[in-house]
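*Asks:* The following file, coords19.txt, comprises compact mmCIF, C-alpha atoms and all ligand atoms:
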# COMPACT_ATOMS: atom_id res chain seq x y z
CA MET A 156 40.59 186.59 171.80
CA THR A 157 42.46 189.82 171.15
CA LYS A 158 46.11 189.08 170.49
CA LEU A 159 48.99 190.66 172.36
CA ALA A 160 50.11 192.50 169.21
CA ASP A 161 46.80 194.38 169.09
CA PHE A 162 47.62 196.00 172.41
CA ARG A 163 51.11 197.17 171.50
CA PRO A 164 50.34 200.46 169.67
CA LYS A 165 48.16 201.47 172.66
CA ARG A 166 50.93 200.52 175.07
CA ARG A 167 53.45 202.59 173.13
CA ALA A 168 51.08 205.58 173.12
CA ALA A 169 50.61 205.22 176.89
CA VAL A 170 54.39 205.20 177.43
CA LEU A 171 54.79 208.36 175.36
CA ALA A 172 51.94 209.99 177.28
CA ALA A 173 53.75 209.15 180.54
CA CYS A 174 56.91 210.75 179.12
CA GLU A 175 55.11 214.08 178.96
CA SER A 176 55.36 214.37 182.74
CA LEU A 177 59.13 213.89 182.30
CA LYS A 178 59.00 216.75 179.79
CA THR A 179 60.32 214.62 176.96
CA GLY A 180 58.57 213.55 173.79
CA ALA A 181 60.73 210.48 173.27
CA ILE A 182 62.07 207.47 175.15
CA ALA A 183 64.69 204.82 174.45
CA VAL A 184 63.49 201.57 176.04
CA SER A 185 66.32 199.14 176.75
CA HIS A 186 65.08 196.76 179.46
CA LEU A 187 64.37 193.62 177.42
CA ALA A 188 61.10 192.65 179.14
CA ASN A 189 59.83 196.18 178.45
CA VAL A 190 61.05 195.96 174.85
CA ARG A 191 59.16 192.68 174.42
CA TYR A 192 56.03 194.19 175.95
CA LEU A 193 56.11 197.17 173.60
CA CYS A 194 57.21 195.68 170.27
CA GLY A 195 57.26 191.88 170.57
CA PHE A 196 61.02 191.24 170.31
CA THR A 197 62.12 188.26 172.43
CA GLY A 198 65.90 188.27 171.78
CA SER A 199 68.78 189.39 173.97
CA ASN A 200 69.97 192.68 172.43
CA GLY A 201 68.09 195.73 171.29
CA VAL A 202 66.74 199.22 172.02
CA LEU A 203 63.30 200.55 171.15
CA LEU A 204 63.10 204.26 170.33
CA LEU A 205 59.62 205.77 170.73
CA THR A 206 58.97 209.28 169.44
CA GLY A 207 55.82 211.16 168.46
CA ARG A 208 56.51 210.11 164.88
CA GLY A 209 56.65 206.37 165.50
CA ALA A 210 58.56 203.42 166.91
CA THR A 211 61.90 202.04 165.71
CA PHE A 212 63.60 198.96 167.07
CA TYR A 213 67.41 198.67 166.82
CA THR A 214 69.20 195.34 167.03
CA ASP A 215 72.28 193.50 165.73
CA PRO A 216 72.57 191.19 162.68
CA ARG A 217 72.05 188.00 164.74
CA TYR A 218 68.43 189.07 165.04
CA ASP A 219 67.86 190.10 161.43
CA ILE A 220 65.28 187.37 160.67
CA GLN A 221 63.83 187.12 164.16
CA SER A 222 63.20 190.85 164.61
CA ALA A 223 61.39 191.02 161.25
CA GLN A 224 59.14 188.14 162.36
CA GLU A 225 58.42 189.44 165.84
CA CYS A 226 58.31 193.23 165.79
CA ASP A 227 55.25 195.24 164.80
CA CYS A 228 57.24 198.44 164.24
CA ALA A 229 60.12 199.68 162.06
CA VAL A 230 63.33 197.68 162.57
CA LYS A 231 66.93 198.79 162.00
CA VAL A 232 69.57 196.07 162.02
CA VAL A 233 72.92 197.73 162.72
CA THR A 234 76.50 196.57 162.87
CA GLY A 235 78.41 197.94 165.81
CA PRO A 236 77.00 199.06 169.16
CA VAL A 237 73.21 199.46 169.07
CA TRP A 238 73.28 202.51 171.37
CA GLU A 239 75.57 204.31 168.92
CA ALA A 240 72.99 203.87 166.15
CA VAL A 241 70.19 205.05 168.45
CA ALA A 242 72.20 208.14 169.48
CA LYS A 243 72.97 208.96 165.86
CA ASP A 244 69.27 208.82 164.93
CA VAL A 245 68.26 210.87 167.98
CA ARG A 246 70.58 213.64 166.77
CA ARG A 247 69.50 213.25 163.15
CA LYS A 248 65.84 213.55 164.16
CA ARG A 249 66.82 216.73 166.07
CA LEU A 250 65.23 215.52 169.30
CA THR A 251 66.04 217.90 172.15
CA SER A 252 65.08 215.60 175.03
CA LEU A 253 65.04 211.86 175.63
CA ALA A 254 63.92 209.64 178.50
CA LEU A 255 66.10 206.67 179.41
CA GLU A 256 65.37 203.71 181.68
CA SER A 257 67.94 204.77 184.27
CA GLU A 258 67.20 201.82 186.55
CA HIS A 259 68.28 199.45 183.79
CA LEU A 260 71.39 201.27 182.55
CA SER A 261 74.81 201.00 184.11
CA HIS A 262 76.48 204.14 185.38
CA ALA A 263 79.01 203.77 182.56
CA GLN A 264 76.26 203.59 179.90
CA TRP A 265 74.45 206.63 181.28
CA THR A 266 77.66 208.66 181.46
CA ALA A 267 78.65 207.69 177.92
CA LEU A 268 75.22 208.67 176.54
CA ALA A 269 75.22 211.96 178.46
CA LYS A 270 78.65 212.74 176.98
CA GLU A 271 77.52 211.73 173.49
CA PHE A 272 74.49 214.05 173.57
CA GLY A 273 76.17 216.93 175.39
CA LYS A 274 73.91 219.97 175.66
CA ALA A 275 71.97 219.14 172.49
CA VAL A 276 69.73 216.47 174.06
CA LYS A 277 68.41 216.75 177.62
CA LEU A 278 68.21 213.35 179.29
CA ALA A 279 65.43 212.42 181.74
CA GLU A 280 65.20 209.40 184.01
CA ALA A 281 62.19 207.20 183.27
CA LYS A 282 61.72 205.07 186.38
CA GLY A 283 59.07 202.36 186.36
CA VAL A 284 57.18 203.93 183.43
CA VAL A 285 56.74 200.73 181.41
CA GLU A 286 56.71 198.56 184.54
CA GLY A 287 53.72 200.55 185.83
CA LEU A 288 51.77 199.73 182.67
CA ARG A 289 52.84 196.09 182.76
CA ALA A 290 51.45 195.68 186.28
CA VAL A 291 47.88 195.52 184.94
CA LYS A 292 47.57 192.54 182.62
CA SER A 293 45.37 192.34 179.53
CA PRO A 294 42.94 189.40 179.30
CA ASP A 295 45.32 187.73 176.85
CA GLU A 296 48.22 188.08 179.29
CA VAL A 297 46.10 186.66 182.10
CA ALA A 298 45.25 183.69 179.86
CA ARG A 299 48.97 183.08 179.28
CA ILE A 300 49.82 183.31 182.98
CA ARG A 301 46.94 180.94 183.72
CA LYS A 302 48.44 178.39 181.32
CA ALA A 303 51.90 178.75 182.89
CA VAL A 304 50.34 178.25 186.34
CA LEU A 305 48.50 175.09 185.27
CA LEU A 306 51.63 173.72 183.63
CA GLY A 307 53.69 174.38 186.76
CA SER A 308 51.14 172.64 188.96
CA ALA A 309 50.93 169.63 186.62
CA ALA A 310 54.74 169.33 186.65
CA TYR A 311 54.78 169.52 190.46
CA GLU A 312 52.25 166.67 190.74
CA LYS A 313 54.25 164.52 188.33
CA ALA A 314 57.57 165.16 190.04
CA LEU A 315 56.26 164.81 193.58
CA ALA A 316 54.93 161.34 192.78
CA LEU A 317 58.56 160.31 192.07
CA VAL A 318 60.04 161.74 195.26
CA SER A 319 61.21 159.32 197.91
CA GLU A 320 63.55 159.22 200.88
CA GLY A 321 67.21 159.12 199.83
CA MET A 322 66.83 161.30 196.73
CA THR A 323 68.88 164.48 196.72
CA GLU A 324 67.47 167.99 196.50
CA GLN A 325 69.15 168.28 193.09
CA GLN A 326 67.45 165.12 191.82
CA VAL A 327 64.04 166.43 192.87
CA ALA A 328 64.77 169.78 191.19
CA ALA A 329 65.83 167.93 188.03
CA GLU A 330 62.59 165.90 188.02
CA ILE A 331 60.56 169.10 188.33
CA ASP A 332 62.45 170.88 185.53
CA HIS A 333 62.24 167.75 183.34
CA ALA A 334 58.47 167.50 183.87
CA MET A 335 58.01 171.20 183.04
CA ARG A 336 59.94 170.82 179.76
CA LEU A 337 58.01 167.72 178.76
CA LEU A 338 54.74 169.53 179.41
CA GLY A 339 55.81 172.27 176.98
CA ALA A 340 57.43 174.91 179.17
CA GLU A 341 60.14 177.13 177.66
CA GLY A 342 61.96 176.45 180.91
CA PRO A 343 61.71 177.15 184.61
CA ALA A 344 60.63 180.70 185.49
CA PHE A 345 63.60 180.82 187.91
CA GLU A 346 66.05 178.35 189.38
CA THR A 347 63.84 175.73 191.04
CA ILE A 348 64.20 175.73 194.82
CA VAL A 349 64.19 172.37 196.60
CA ALA A 350 65.22 172.47 200.26
CA ALA A 351 65.00 169.61 202.75
CA GLY A 352 65.13 169.71 206.54
CA LYS A 353 66.84 172.70 208.15
CA ARG A 354 67.77 174.05 204.73
CA SER A 355 64.08 174.85 204.14
CA ALA A 356 64.64 177.73 206.58
CA LEU A 357 66.66 179.47 203.86
CA PRO A 358 64.05 181.34 201.78
CA HIS A 359 66.21 181.22 198.63
CA ALA A 360 67.97 177.88 199.08
CA ARG A 361 69.76 176.40 196.07
CA PRO A 362 69.23 172.63 195.65
CA THR A 363 72.26 170.69 196.89
CA GLY A 364 73.41 167.07 196.94
CA ALA A 365 71.88 166.68 200.40
CA LYS A 366 69.66 163.62 200.68
CA ILE A 367 66.05 163.79 201.73
CA ARG A 368 65.56 161.94 205.02
CA ARG A 369 62.65 160.87 207.15
CA ASN A 370 61.01 163.30 209.53
CA GLN A 371 61.94 166.34 207.50
CA LEU A 372 60.15 169.13 205.75
CA LEU A 373 60.60 169.35 201.99
CA LEU A 374 60.06 172.79 200.47
CA VAL A 375 59.64 173.27 196.72
CA ASP A 376 59.40 176.76 195.16
CA MET A 377 58.98 176.56 191.40
CA GLY A 378 57.47 178.18 188.36
CA ALA A 379 57.13 177.60 184.65
CA CYS A 380 57.80 179.97 181.79
CA LEU A 381 55.35 179.50 178.93
CA ASP A 382 54.99 181.85 175.99
CA GLY A 383 57.14 184.35 177.88
CA TYR A 384 54.87 184.43 180.94
CA MET A 385 55.76 183.11 184.40
CA SER A 386 54.10 181.22 187.21
CA ASP A 387 55.25 180.89 190.82
CA MET A 388 54.23 178.41 193.53
CA THR A 389 55.61 177.10 196.81
CA ARG A 390 54.50 173.93 198.55
CA VAL A 391 55.85 172.11 201.57
CA ALA A 392 55.50 168.39 202.21
CA TYR A 393 56.44 166.30 205.21
CA VAL A 394 58.65 163.27 204.64
CA GLY A 395 57.96 160.43 207.02
CA ARG A 396 55.07 159.19 209.08
CA LEU A 397 52.84 161.46 211.09
CA GLY A 398 52.60 160.99 214.80
CA GLY A 399 56.00 161.98 216.18
CA ARG A 400 57.01 165.20 217.94
CA LEU A 401 58.55 166.68 214.79
CA SER A 402 55.50 166.06 212.68
CA ALA A 403 53.32 167.76 215.30
CA GLN A 404 55.54 170.86 215.25
CA ALA A 405 55.62 170.83 211.44
CA ARG A 406 51.85 170.64 211.40
CA ARG A 407 51.49 173.57 213.82
CA VAL A 408 53.77 175.78 211.75
CA TYR A 409 52.12 174.64 208.53
CA ASP A 410 48.62 175.43 209.78
CA ALA A 411 49.73 178.88 210.98
CA VAL A 412 51.31 179.73 207.61
CA LEU A 413 48.27 178.45 205.72
CA GLU A 414 45.97 180.56 207.90
CA ALA A 415 48.17 183.60 207.19
CA GLN A 416 48.19 182.84 203.48
CA LEU A 417 44.38 182.61 203.39
CA ALA A 418 44.17 185.89 205.35
CA GLY A 419 46.45 187.49 202.75
CA ILE A 420 44.35 186.18 199.87
CA ALA A 421 41.14 187.36 201.56
CA ALA A 422 42.58 190.90 201.73
CA VAL A 423 43.20 191.04 197.96
CA LYS A 424 40.66 193.22 196.15
CA PRO A 425 40.68 196.28 193.89
CA GLY A 426 41.59 199.36 195.92
CA ALA A 427 43.36 197.43 198.70
CA ARG A 428 46.74 198.93 199.50
CA CYS A 429 49.68 196.55 199.07
CA LYS A 430 50.86 197.20 202.63
CA ASP A 431 47.43 196.30 204.01
CA VAL A 432 47.44 192.93 202.23
CA ASP A 433 50.91 192.28 203.68
CA ALA A 434 49.65 193.33 207.12
CA ALA A 435 46.66 190.97 206.98
CA ALA A 436 48.93 187.93 206.68
CA ARG A 437 51.41 189.30 209.24
CA LYS A 438 48.65 189.94 211.76
CA SER A 439 47.49 186.35 211.43
CA LEU A 440 51.01 185.07 212.20
CA LYS A 441 51.31 187.50 215.10
CA GLN A 442 48.35 185.87 216.79
CA ARG A 443 50.41 182.67 216.82
CA GLY A 444 53.59 184.45 217.95
CA LEU A 445 55.28 183.63 214.65
CA ASP A 446 55.38 186.99 212.86
CA ARG A 447 59.04 187.62 213.75
CA PHE A 448 59.99 184.55 211.71
CA PHE A 449 58.27 185.95 208.59
CA THR A 450 61.25 187.85 207.22
CA HIS A 451 60.28 188.91 203.70
CA SER A 452 57.39 190.71 202.04
CA LEU A 453 54.14 188.90 201.31
CA GLY A 454 54.34 188.74 197.54
CA HIS A 455 55.11 190.27 194.17
CA GLY A 456 53.62 190.86 190.77
CA LEU A 457 54.64 188.53 187.96
CA GLY A 458 54.24 188.32 184.20
CA LEU A 459 57.01 188.59 181.63
CA GLU A 460 59.36 188.63 184.63
CA ILE A 461 59.16 186.63 187.83
CA HIS A 462 59.34 189.73 190.03
CA GLU A 463 57.29 192.69 188.82
CA THR A 464 55.37 195.66 190.15
CA PRO A 465 53.57 195.72 192.56
CA ARG A 466 55.49 194.42 195.55
CA LEU A 467 53.24 193.44 198.45
CA GLY A 468 55.44 194.89 201.16
CA GLY A 469 54.84 196.59 204.49
CA LYS A 470 55.65 200.08 203.18
CA VAL A 471 54.04 199.94 199.74
CA GLU A 472 51.14 202.41 199.61
CA SER A 473 50.00 201.70 196.04
CA GLU A 474 46.62 200.10 195.46
CA LEU A 475 45.75 196.84 193.72
CA LYS A 476 43.82 197.10 190.46
CA PRO A 477 41.76 194.55 188.52
CA GLY A 478 44.04 192.66 186.13
CA MET A 479 47.05 192.62 188.44
CA VAL A 480 48.54 189.17 189.02
CA VAL A 481 50.47 188.74 192.27
CA THR A 482 51.81 186.01 194.51
CA ILE A 483 50.75 185.53 198.13
CA GLU A 484 53.58 183.75 199.93
CA PRO A 485 53.97 184.10 203.69
CA GLY A 486 56.67 181.97 205.30
CA VAL A 487 57.92 181.04 208.74
CA TYR A 488 61.61 180.15 209.05
CA LEU A 489 62.90 178.46 212.20
CA PRO A 490 66.69 178.01 211.92
CA GLU A 491 66.88 174.80 213.97
CA PHE A 492 63.79 173.23 212.47
CA GLY A 493 63.13 174.36 208.94
CA GLY A 494 60.82 176.61 207.02
CA VAL A 495 57.29 176.58 205.71
CA ARG A 496 56.20 178.87 202.89
CA ILE A 497 52.94 178.53 200.97
CA GLU A 498 52.66 180.46 197.72
CA ASP A 499 49.89 180.84 195.16
CA THR A 500 49.59 183.02 192.09
CA VAL A 501 46.38 185.08 192.29
CA LEU A 502 44.48 187.44 190.00
CA VAL A 503 42.88 190.68 191.20
CA THR A 504 39.38 190.65 189.71
CA GLU A 505 36.72 193.40 189.45
CA SER A 506 35.11 192.12 192.65
CA GLY A 507 37.97 190.56 194.59
CA VAL A 508 40.41 187.77 193.94
CA GLU A 509 40.77 184.54 192.00
CA VAL A 510 43.38 181.99 193.09
CA LEU A 511 44.91 180.69 189.87
CA THR A 512 47.05 177.94 191.45
CA PRO A 513 45.03 174.69 191.58
CA THR A 514 47.50 172.64 193.66
CA SER A 515 46.13 171.38 196.98
CA LYS A 516 47.27 173.11 200.16
CA GLU A 517 46.44 170.13 202.38
CA PHE A 518 49.39 169.13 204.57
CA ALA A 519 51.07 166.61 202.23
CA VAL A 520 52.95 163.61 203.56
CA ILE A 521 55.52 161.64 201.60
CA ALA A 522 55.60 158.30 203.37
ZN ZN A 601 58.13 181.28 194.49
ZN ZN A 602 57.36 184.30 194.54
Translate the structure described by the file into structure tokens.
*Replies:*
Amino acid sequence: MTKLADFRPKRRAAVLAACESLKTGAIAVSHLANVRYLCGFTGSNGVLLLTGRGATFYTDPRYDIQSAQECDCAVKVVTGPVWEAVAKDVRRKRLTSLALESEHLSHAQWTALAKEFGKAVKLAEAKGVVEGLRAVKSPDEVARIRKAVLLGSAAYEKALALVSEGMTEQQVAAEIDHAMRLLGAEGPAFETIVAAGKRSALPHARPTGAKIRRNQLLLVDMGACLDGYMSDMTRVAYVGRLGGRLSAQARRVYDAVLEAQLAGIAAVKPGARCKDVDAAARKSLKQRGLDRFFTHSLGHGLGLEIHETPRLGGKVESELKPGMVVTIEPGVYLPEFGGVRIEDTVLVTESGVEVLTPTSKEFAVIA
């Protein structure tokens, strides 16, 4: 299979081509996920300068060895602030314009750079330039995401088998994270969410010391990071025995959310607008009178970061393309009862959609 590094010169050329519409022939890339995508560096400090004459990566002495191993472009290890070295070279190369990732710079950084360059270098705001490229994954990237997805699902199965009444949300989260590490993950893709009972109605609940009790919903939202790439999945189980009033209500909500999730997945295909995929799931919940409890967008792209372009939201006009990897995650949150969210990671294929997440979506019961 073609390796990620083989794609990088093409990616850098595409970024420079996009800079032409900003009327600059150079860009300083500082968002670390974008830096990694374009030159391979995985550390925590650095700036990649792309000009028509080539690519140079600037970092500090902590990354002397690592940057030489990882980067497929020229590397400059500098003492002192990295941006200062970049600015010095921009002037030395007599560049008259430069694009900066304004969404990833602080106001203070932008102001300092503008002052540094004065009238000699015209600055342009590059918004979403690299992110737009990253949205469509190469086959190698898809293979990596697939592995992260499988690892996440395997860890979930392992951890869920250990869950019982009386355990705390934190203990369950620890079991999940432990299983992911043992299976080879670099770590969780984000802070694992475990929420029991009414707390499952909080879409971004942090695990607490609250104990899991009978006749409760248990929501787990988790993902693995493997080889830099993320996975994302949400499952909800019912703790207790089926048959009571609560379990019947849980089942009704669960079935409605699952139906909406399947409607969302069915709407995924090349050319579909993000807002239409969101609407397909929302329409399904509306038929059950539950759409007002679905309070977030349907999903998001993922890859080197857990939230990437595109966002599957009600106002997003952009179209899905083959190679995009997105989540489909409708939820219904009832404050006095709890929440149900079902989330898979899916791939947009040439002809439609492939669900990458293998974990069962049957209504699971922890007795
Ligand atoms: Zn999630
Ligand atoms: Zn998600």
*Asks:* Using all atoms listed in the file, which residue out of A:Pro490, A:Pro513, A:Pro425, A:Gly458 lies closest to Arg299 (chain A)?
*Replies:* A:Gly458
*Asks:* With 9 Å as the threshold, what does the neighbourhood of (50.2, 174.6, 181.3) contain in terms of residues, counting all atoms listed in the file? Coordinates are those of the file; answer as a ChimeraX atom specification.
*Replies:* /A:299-310,335,338-340,379,381
*Asks:* Could you list, as a count of residues only, all residues that come within 6 Å of ligand ZN 601 (chain A)? Count only C-alpha atoms and all ligand atoms.
*Replies:* 5
*Asks:* Between A:Trp265, A:Phe162, A:Phe448, A:Phe345, which has the minimum distance to ligand ZN 602 (chain A) (counting only C-alpha atoms and all ligand atoms)?
*Replies:*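 For ligand ZN 602 (chain A), the nearest of the candidates is A:Phe345.
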*Asks:* To check your reading of the model: which residues sit at most 12 Å from ligand ZN 602 (chain A) when counting all atoms listed in the file? Write the answer as JSON, numbers by chain.
*Replies:* {"A": [344, 345, 346, 347, 348, 358, 359, 375, 376, 377, 378, 379, 385, 386, 387, 388, 389, 390, 451, 452, 453, 454, 455, 456, 457, 458, 460, 461, 462, 463, 466, 467, 480, 481, 482, 483, 484, 485, 486, 496, 497, 498, 499, 500, 501]}
*Asks:* Choose the residue, out of A:Gly283, A:Pro236, A:Gly383, A:Gly426, that has the smallest atom-to-atom separation from Glu256 (chain A); count only C-alpha atoms.
*Replies:*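 Under the stated criterion, the closest residue is A:Gly283.
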*Asks:* Can you measure CA of Val291 (chain A) to CA of Ala418 (chain A) for me? One decimal in Å is fine.
*Replies:*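 Atom-to-atom, CA of Val291 (chain A) and CA of Ala418 (chain A) are spaced 22.9 Å apart.
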*Asks:* Which neighbours of Ser506 (chain A) fall inside 9 Å, counting only C-alpha atoms, when residues of the same chain fewer than 2 positions from it are skipped, and could you give them as a list of chain:residue names?
*Replies:*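 My list of contacting residues is A:Lys424, A:Pro425, A:Pro477, A:Val503, A:Thr504, A:Val508.
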*Asks:* Need the shell around Leu288 (chain A): protein/DNA/RNA residues with any atom at most 12 Å away, counting all atoms listed in the file. Skip same-chain ones fewer than 3 positions apart. Format as a VMD selection string?
*Replies:* chain A and resid 162 to 163 165 to 173 189 192 to 193 282 to 285 291 to 293 458 463 to 465 476 478 to 479
*Asks:* A:Ala519, A:Leu159, A:Ala240, A:Ala435: which is nearest Val297 (chain A), counting only C-alpha atoms?
*Replies:*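 Residue with the minimum atom-to-atom distance to Val297 (chain A): A:Leu159.
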*Asks:* Can you report as AutoDock Vina command-line options the centre and edge lengths in Å, to one decimal, of an axis-aligned box around the listed atoms of region 409-412 of chain A padded with 5 Å on each side?
*Replies:*
--center_x 50.4 --center_y 177.2 --center_z 209.3 --size_x 13.5 --size_y 15.1 --size_z 13.4
*Asks:* Which residue, A:Ala403, A:Lys231, A:Ile420, A:Ser185, has the smallest gap to Glu509 (chain A) when you use all atoms listed in the file?
*Replies:* A:Ile420
*Asks:* Quick one: distance from CA of Cys429 (chain A) to CA of Leu475 (chain A) in Å, one decimal?
*Replies:*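 For CA of Cys429 (chain A) relative to CA of Leu475 (chain A), the distance reads 6.6 Å.
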